[in-house]
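Below is one structure; the comments refer to it alone.
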Amino acid sequence: MQKKIVRGAYIGLGIAVIALFITIFKPHLTDKKGHDRTENGYAGSGSCKDCHERFYELWSPSHHGKAMQSASDVVKSGELIIDSVALQTGNSWFTPIVRDSNFYMEERATPDEKNIKTYPAVWALGGRNIYYFLTPFEGGRLQTLPLAYDLNRKEWYSNPQSAVRHFIDNMPDEEIEWTHPLYTFNTTCHSCHVSQLNKNYDPESNTYHTTWKEPGINCETCHGPSREHVKVCREAEKRGEVPEDLKIVVTSAFTKKQHNSSCAVCHAKMIPLTQSYPPGEPFFQHFNLITLEDPDFYPDGRDLGENYTYTTWMQSPCVENSDLHCVSCHTSSGRYRFKGRENDACVKCHREKVNNFTKHSRHKTEDGVRCTSCHMPETEFARMTRSDHSMQAPTPQATIEFYSPNACNLCHNNESAQWANSHVKKWHGNYQEPKMQLARLIYQARNNNFDNLDEMLLMANNPDVNVIFRNSMIRLLMNANRPECKRTFLEALEDESPLIRASAAEALQFFIDEEAKKALLSAATDSMRVVRISSSIALSHFSPGMFSREAWQIVEHNYAEYEKYLLTRPDNWSAHYNLANFFYGRGMFNKAIEHFHKAAELESEVVSPMVNASMAYSMLGNTDMAEQELLKALKKDPGNAAANFNYGLLLGQFQRFNEAKKHLENALESDSTMSAAAYNLAVISSRNSLDEAIKYSALAARTNPTEPRYTYTLAYYQSLAGKDDLAIQTAQKAIESHPGYVDSYLFIAGIYEKRGDYNRAIMYLNKAVKNAGIPEQYRENIRLRAEKLKEKAKQADNKS
């Protein structure tokens with residue numbers, strides 16, 4: 001079963017998507033002064049102007065204030081050059097046009113096609129680098145139109161083409177059709193272009209009735225609802241007083257963490273855990289964070305170039321070692337405080353280097369070089385420019401090894417990374433190596449290469465290693481399938497970082513024992529929601545019978561919180577997929593099937609919901625429906641490893657062994673590390689060829705050394721092939737790596753008994769009897785068997 005948790009709409013898909021945060025407009029009521037008269041205590045930004053006019057005037061024209069505008073207002077602003085250019089996106093050609101001051105986009109099959117489909121643009125997003133435009137679709141959706149406008153180059157371009165990711169080793173992703181749900185504003189909305197959003201998605205009809213209070217990011221996004229604030233302040237003004245309780249969130253009193261959390265809500269690649277974020281609350285109370293396990297980040301920590309600032313920000317030594325926070329450098333409306341005097345931002349902590357800038361940087365300020373040129377270089381992806389907020393020194397070695405951008409070659413683009421590398425080494429020594437050591441381990445783990453597992457385990461809990469790198473490694477180690485990881489995960493569960501604790505809790509899902517259960521029950525009552533939710537994922541792998549009555553109450557409370565979290569995003573396919581897996585693990589197969597089907601409905605190109613639905617049908621004994629689901633999956637993706645594997649197992653159930661073998665081979669061809677496919681191939685092949693059975697069982701044992709059954713099976717087939725000495729060596733290795741696996745002792749004892757070497761057989765049986773890791777009832781049976789062999793040994797001695 002493909003039970004791996006999918007971490008959200010932007011991840012786990014392996015496809016390109018710009019994180020656009022959009023919704024559907026429904027007018028709200030205002031009074032004559034433009035003050036909001038809607039519910040929930042929000043009064044609208046217009047209510048702030050009378051008392052805070054200066055701040056209002058700074059905010060209203062800012063990129064925060066204009067994060068979303070009407071498309072007609074943008075057309076009237078004169079910022080766009082609309083020259084009737086025809087550009088291809090997918091299989092169609094699109095042309096932007098203006099008619100009666102309204103903006104439209106025309107679609108044609110060819111540039112000269114007379115048959116035209118016209119889409120009205122009602123909203124515009126962005127305004128800093130790009131304008132994206134939204135058009136109404138059925139079901140209350142707003143869809144991102146395929147052509148966007150580049151304000152820097154003054155030209156139109158294909159947004160889906162620009163959003164194709166180019167991952168490590170230059171393996172590009174595929175262009176996504178502009179009508180895909182990933183370009184639907186409502187579906188991918190996290191309230192980052194509108195204020196006080198209510199998505200109002202109806203799962204039954206698959207429609208939206210979304211509302212918001214204001215387009216753009218308003219005052220109340222950061223200060224909370226202001227109606228009571230306005231009321232008490234106006235009443236106090238009449239009395240000539242200042243109210244003791246302002247009835248609003250005062251951001252000037254925020255701590256460093258509160259400032260960072262409030263900004264990260266929009267400037268992070270994250271997973272929302274709740275429907276809304278109250279300003280000032282901890283980030284990890286409402287979100288989980290994507291880190292370097294995701295290929296949108298390079299192994300050295302740099303990001304692809306999108307607005308995923310928080311993951312790089314948390315890598316910054318300046319953030320870790322000072323009181324620096326977002327509002328230190330940016331105003332609440334998003335403006336940069338140090339424009340034109342960039343080095344002043346650094347002088348508080350780095351005065352000596354700023355005062356000796358040319359000596360430190362080997363560049364002159366009169367050439368336009370600043371501290372940020374090297375430590376916060378600007379990169380571009382999908383026509384968006386972003387500064388690297390990790391603030392670390394250039395690492396051209398990472399460009400050489402991982403294609404990661406470096407500041408040197410962003411300016412000196414006519415030179416090679418090798419050229420830049422030789423210069424920085426000559427000037428500043430080998431400062432890159434500590435970062436490169438971490439990056440190499442991340443790269444190896446991403447590629448399921450755990451040859452350096454010991455180093456990876458040390459890195460995961462090393463307090464001297466940055467939290468983002470440690471967290472990334474813990475998540476990547478979940479793929480290692482190695483018992484050595486357990487201790488690392490248990491230690492990480494005690495970490496001061498809620499991000500680390502959450503990842504460690506999720507990782508413990510692979511260790512179903514008393515020690516892990518005890519640790520997870522503690523995590524289930526953690527103060528941070530992200531940890532509690534992650535513990536739910538792991539606890540769902542334990543059977544209810546493993547818990548006391550009191551412990552089960554904790555678990556059930558956690559399960560309820562986990563379900564609530566997933567259902568905050570009912571229009572997200574991965575939420576239904578994860579919820580279905582959750583129900584499957586609890587034996588609730590009909591509910592699992594319901595949510596697998598909903599996941600497949602919302603994302604028809606992903607086959608994992610179909611594969612797992614087939615497993616749920618099998619558990620209910622409905623093999624016909626199980627086969628139908630797998631055939632649907634294979635029709636969409638004939639090479640899918642999981643679909644082929646599960647269909648191979650089902651065909652084996654039907655005793656259609658030749659067909660089963662073919663699909664298991666397909667699975668192994670698609671995923672050479674799929675040990676379960678290799679194991680089942682060994683079982684099927686053993687009917688006709690012991691050599692093949694040995695080959696496949698050896699592959700299973702090699703690719704998954706944590707499963708002692710695979711090594712034992714290899715020894716078994718070696719013995720059947722007449723290679724008893726080799727079989728004993730193999731089974732002995734199984735005992736060394738898994739001393740609690742009783743079958744290995746019995747197997748070796750059986751071979752020696754068959755040879756008449758009763759003393760050696762008894763020796764292995766006694767080893768099992770003395771092993772406290774083997775259940776007592778087994779040891780008692782083995783003790784009785786050893787006694788019988790002693791009698792046989794005496795009889796054999798008497799005969800001789």
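Residues in the structure tokens are named by chain (A, B, ... in the order shown) and by number from 1 within that chain; ligands are numbered from 1 in the order shown.
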
Run DSSP on the backbone and give me the residues of range 211-360 of chain A it puts in strand (DSSP E), as a ChimeraX atom specification.
/A:214-215,270-272,287-289

Surrounding residues of Met546 in chain A excluding itself and chain neighbours under 6 positions, 10 Å, only C-alpha atoms, as a PyMOL selection string
chain A and resi 512-514+517+552

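CA of Thr706 in chain A to CA of Pro483 in chain A spans 6.4 Å [interatomic distance, one decimal].
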
So which one's closest to Arg383 in chain A, A:Lys661, A:Arg760, A:Arg153, A:Arg108? Using only C-alpha atoms, please.
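Nearest to Arg383 in chain A: A:Arg153.
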
Which residue, A:Val611, A:Val369, A:Ala580, A:Met384, has the smallest gap to Phe596 in chain A when you use only C-alpha atoms?
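Nearest to Phe596 in chain A: A:Ala580.
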
Show me, as a PDB file with N, CA and C atoms, in the first residue's frame, the residues that have an atom within 10 Å of Met456 in chain A when counting only C-alpha atoms, minus same-chain residues fewer than 4 positions from it.
ATOM      1  N   LEU A 438      27.145  19.003   4.594  1.00  0.00           N
ATOM      2  CA  LEU A 438      25.718  18.832   4.872  1.00  0.00           C
ATOM      3  C   LEU A 438      24.931  18.648   3.577  1.00  0.00           C
ATOM      4  N   LEU A 441      25.239  15.163   2.088  1.00  0.00           N
ATOM      5  CA  LEU A 441      24.431  14.175   2.810  1.00  0.00           C
ATOM      6  C   LEU A 441      22.957  14.313   2.453  1.00  0.00           C
ATOM      7  N   ILE A 442      22.487  15.557   2.331  1.00  0.00           N
ATOM      8  CA  ILE A 442      21.097  15.780   1.911  1.00  0.00           C
ATOM      9  C   ILE A 442      20.877  15.212   0.511  1.00  0.00           C
ATOM     10  N   GLN A 444      22.551  12.835  -1.041  1.00  0.00           N
ATOM     11  CA  GLN A 444      22.586  11.370  -1.013  1.00  0.00           C
ATOM     12  C   GLN A 444      21.262  10.805  -0.485  1.00  0.00           C
ATOM     13  N   ALA A 445      20.772  11.377   0.609  1.00  0.00           N
ATOM     14  CA  ALA A 445      19.529  10.877   1.210  1.00  0.00           C
ATOM     15  C   ALA A 445      18.343  11.088   0.280  1.00  0.00           C
ATOM     16  N   PHE A 450      22.039   5.641   1.368  1.00  0.00           N
ATOM     17  CA  PHE A 450      22.293   5.738   2.804  1.00  0.00           C
ATOM     18  C   PHE A 450      23.605   5.051   3.188  1.00  0.00           C
ATOM     19  N   ASP A 451      24.571   5.090   2.263  1.00  0.00           N
ATOM     20  CA  ASP A 451      25.886   4.512   2.556  1.00  0.00           C
ATOM     21  C   ASP A 451      26.556   5.235   3.723  1.00  0.00           C
ATOM     22  N   ASN A 452      26.261   6.531   3.867  1.00  0.00           N
ATOM     23  CA  ASN A 452      26.845   7.310   4.962  1.00  0.00           C
ATOM     24  C   ASN A 452      25.830   7.511   6.088  1.00  0.00           C
ATOM     25  N   ALA A 460      21.517  14.600  12.185  1.00  0.00           N
ATOM     26  CA  ALA A 460      20.110  14.843  12.517  1.00  0.00           C
ATOM     27  C   ALA A 460      19.924  15.399  13.923  1.00  0.00           C
ATOM     28  N   ASN A 461      20.782  15.011  14.859  1.00  0.00           N
ATOM     29  CA  ASN A 461      20.620  15.476  16.241  1.00  0.00           C
ATOM     30  C   ASN A 461      21.797  16.295  16.747  1.00  0.00           C
ATOM     31  N   ASN A 462      22.571  16.829  15.810  1.00  0.00           N
ATOM     32  CA  ASN A 462      23.718  17.653  16.185  1.00  0.00           C
ATOM     33  C   ASN A 462      23.248  19.093  16.419  1.00  0.00           C
ATOM     34  N   ARG A 470      18.834  19.753   9.825  1.00  0.00           N
ATOM     35  CA  ARG A 470      18.526  18.614  10.701  1.00  0.00           C
ATOM     36  C   ARG A 470      17.143  18.067  10.406  1.00  0.00           C
ATOM     37  N   MET A 473      16.993  16.141   7.154  1.00  0.00           N
ATOM     38  CA  MET A 473      17.597  14.817   7.250  1.00  0.00           C
ATOM     39  C   MET A 473      16.662  13.837   7.954  1.00  0.00           C
ATOM     40  N   ILE A 474      15.997  14.281   9.016  1.00  0.00           N
ATOM     41  CA  ILE A 474      15.062  13.385   9.714  1.00  0.00           C
ATOM     42  C   ILE A 474      13.970  12.912   8.751  1.00  0.00           C
ATOM     43  N   LEU A 476      14.115  12.742   5.480  1.00  0.00           N
ATOM     44  CA  LEU A 476      14.700  11.881   4.451  1.00  0.00           C
ATOM     45  C   LEU A 476      15.053  10.504   5.003  1.00  0.00           C
ATOM     46  N   LEU A 477      15.430  10.451   6.279  1.00  0.00           N
ATOM     47  CA  LEU A 477      15.782   9.162   6.894  1.00  0.00           C
ATOM     48  C   LEU A 477      14.582   8.229   7.016  1.00  0.00           C
ATOM     49  N   CYS A 485      17.853   4.028  12.822  1.00  0.00           N
ATOM     50  CA  CYS A 485      17.237   5.358  12.810  1.00  0.00           C
ATOM     51  C   CYS A 485      16.359   5.603  14.036  1.00  0.00           C
ATOM     52  N   THR A 488      17.695   7.793  16.856  1.00  0.00           N
ATOM     53  CA  THR A 488      17.805   9.184  16.414  1.00  0.00           C
ATOM     54  C   THR A 488      16.450   9.864  16.462  1.00  0.00           C
TER      55      THR A 488
END

Do you have the CA of Asp495 in chain A-CA of Met314 in chain A distance handy?
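According to the coordinates, CA of Asp495 in chain A and CA of Met314 in chain A are separated by 16.0 Å.
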
So the first atom is CA of Ala407 in chain A and the second is CA of Ser422 in chain A; what is the distance between them in Å, to one decimal place?
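Atom-to-atom, CA of Ala407 in chain A and CA of Ser422 in chain A are spaced 14.1 Å apart.
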
Among listed residues A:Ile500, A:Ala163, A:Ile116, A:Ala676, nearest Ser92 in chain A (using only C-alpha atoms):
A:Ile116

Within 7 Å of Gly126 in chain A, counting only C-alpha atoms, which residues show up once you throw out same-chain ones fewer than 6 positions away? Write them as an mmCIF file with all heavy atoms, in the first residue's frame, please.
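Written out: result37.cif:
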data_model
loop_
_atom_site.group_PDB
_atom_site.id
_atom_site.type_symbol
_atom_site.label_atom_id
_atom_site.label_comp_id
_atom_site.auth_asym_id
_atom_site.auth_seq_id
_atom_site.Cartn_x
_atom_site.Cartn_y
_atom_site.Cartn_z
ATOM 1 N N ALA A 67 -2.149 43.633 -3.377
ATOM 2 C CA ALA A 67 -1.832 42.240 -3.731
ATOM 3 C C ALA A 67 -2.853 41.661 -4.693
ATOM 4 O O ALA A 67 -2.564 40.735 -5.453
ATOM 5 C CB ALA A 67 -1.765 41.388 -2.463
ATOM 6 N N MET A 68 -4.065 42.193 -4.668
ATOM 7 C CA MET A 68 -5.064 41.859 -5.678
ATOM 8 C C MET A 68 -5.875 43.115 -5.992
ATOM 9 O O MET A 68 -6.264 43.852 -5.093
ATOM 10 C CB MET A 68 -5.966 40.731 -5.218
ATOM 11 C CG MET A 68 -6.859 40.242 -6.337
ATOM 12 S SD MET A 68 -7.382 38.543 -6.109
ATOM 13 C CE MET A 68 -8.959 38.789 -5.385
ATOM 14 N N TYR A 132 -0.704 38.537 -12.778
ATOM 15 C CA TYR A 132 -1.479 37.372 -13.189
ATOM 16 C C TYR A 132 -2.937 37.802 -13.257
ATOM 17 O O TYR A 132 -3.367 38.672 -12.486
ATOM 18 C CB TYR A 132 -1.351 36.233 -12.176
ATOM 19 C CG TYR A 132 0.056 35.812 -11.860
ATOM 20 C CD1 TYR A 132 0.701 36.285 -10.714
ATOM 21 C CD2 TYR A 132 0.745 34.924 -12.682
ATOM 22 C CE1 TYR A 132 1.988 35.891 -10.402
ATOM 23 C CE2 TYR A 132 2.033 34.524 -12.375
ATOM 24 C CZ TYR A 132 2.656 35.012 -11.247
ATOM 25 O OH TYR A 132 3.929 34.619 -10.940
#

Can you tell me which residues surround Gln196 in chain A at a distance of at most 8 Å, considering only C-alpha atoms, apart from same-chain residues fewer than 5 positions away, and format the answer as a list in words?
Ser191, Trp212, Lys213, Glu214 and Thr221 of chain A

Might you pull out every residue within 8 Å of Ser162 in chain A, with only C-alpha atoms counted and same-chain residues fewer than 2 positions away left off, and present them as a list of chain:residue names?
A:Tyr157, A:Ser158, A:Asn159, A:Pro160, A:Val164, A:Phe381, A:Ala382, A:Arg383

Atoms to include: C-alpha atoms. Write the selected residues as a tab-separated table (two decimals), in the first residue's frame.
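Result file out.tsv:
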chain	number	residue	atom	x	y	z
A	157	TYR	CA	4.59	35.30	-21.56
A	158	SER	CA	3.14	31.83	-20.94
A	159	ASN	CA	2.78	31.36	-17.19
A	160	PRO	CA	2.52	27.51	-17.26
A	164	VAL	CA	8.25	24.29	-15.23
A	381	PHE	CA	12.05	31.73	-11.29
A	382	ALA	CA	8.85	31.92	-13.35
A	383	ARG	CA	9.66	35.61	-13.96

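When only C-alpha atoms are used to compute distances to Asp797 in chain A, the closest of the residues A:Pro775, A:Pro317, A:Gly756, A:Gly340 turns out to be A:Gly756.
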
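Residue nearest Asn581 in chain A, chosen from A:Leu630, A:Ile593, A:Leu726, A:Leu304 and counting only C-alpha atoms: A:Ile593.
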
Using DSSP assignments from the backbone, pull out every residue in range 599-763 of chain A that falls under helix (DSSP H, G or I) and give it to me as a ChimeraX atom specification.
/A:599-602,608-619,623-636,641-653,657-670,675-685,690-703,708-720,724-737,742-755,758-763
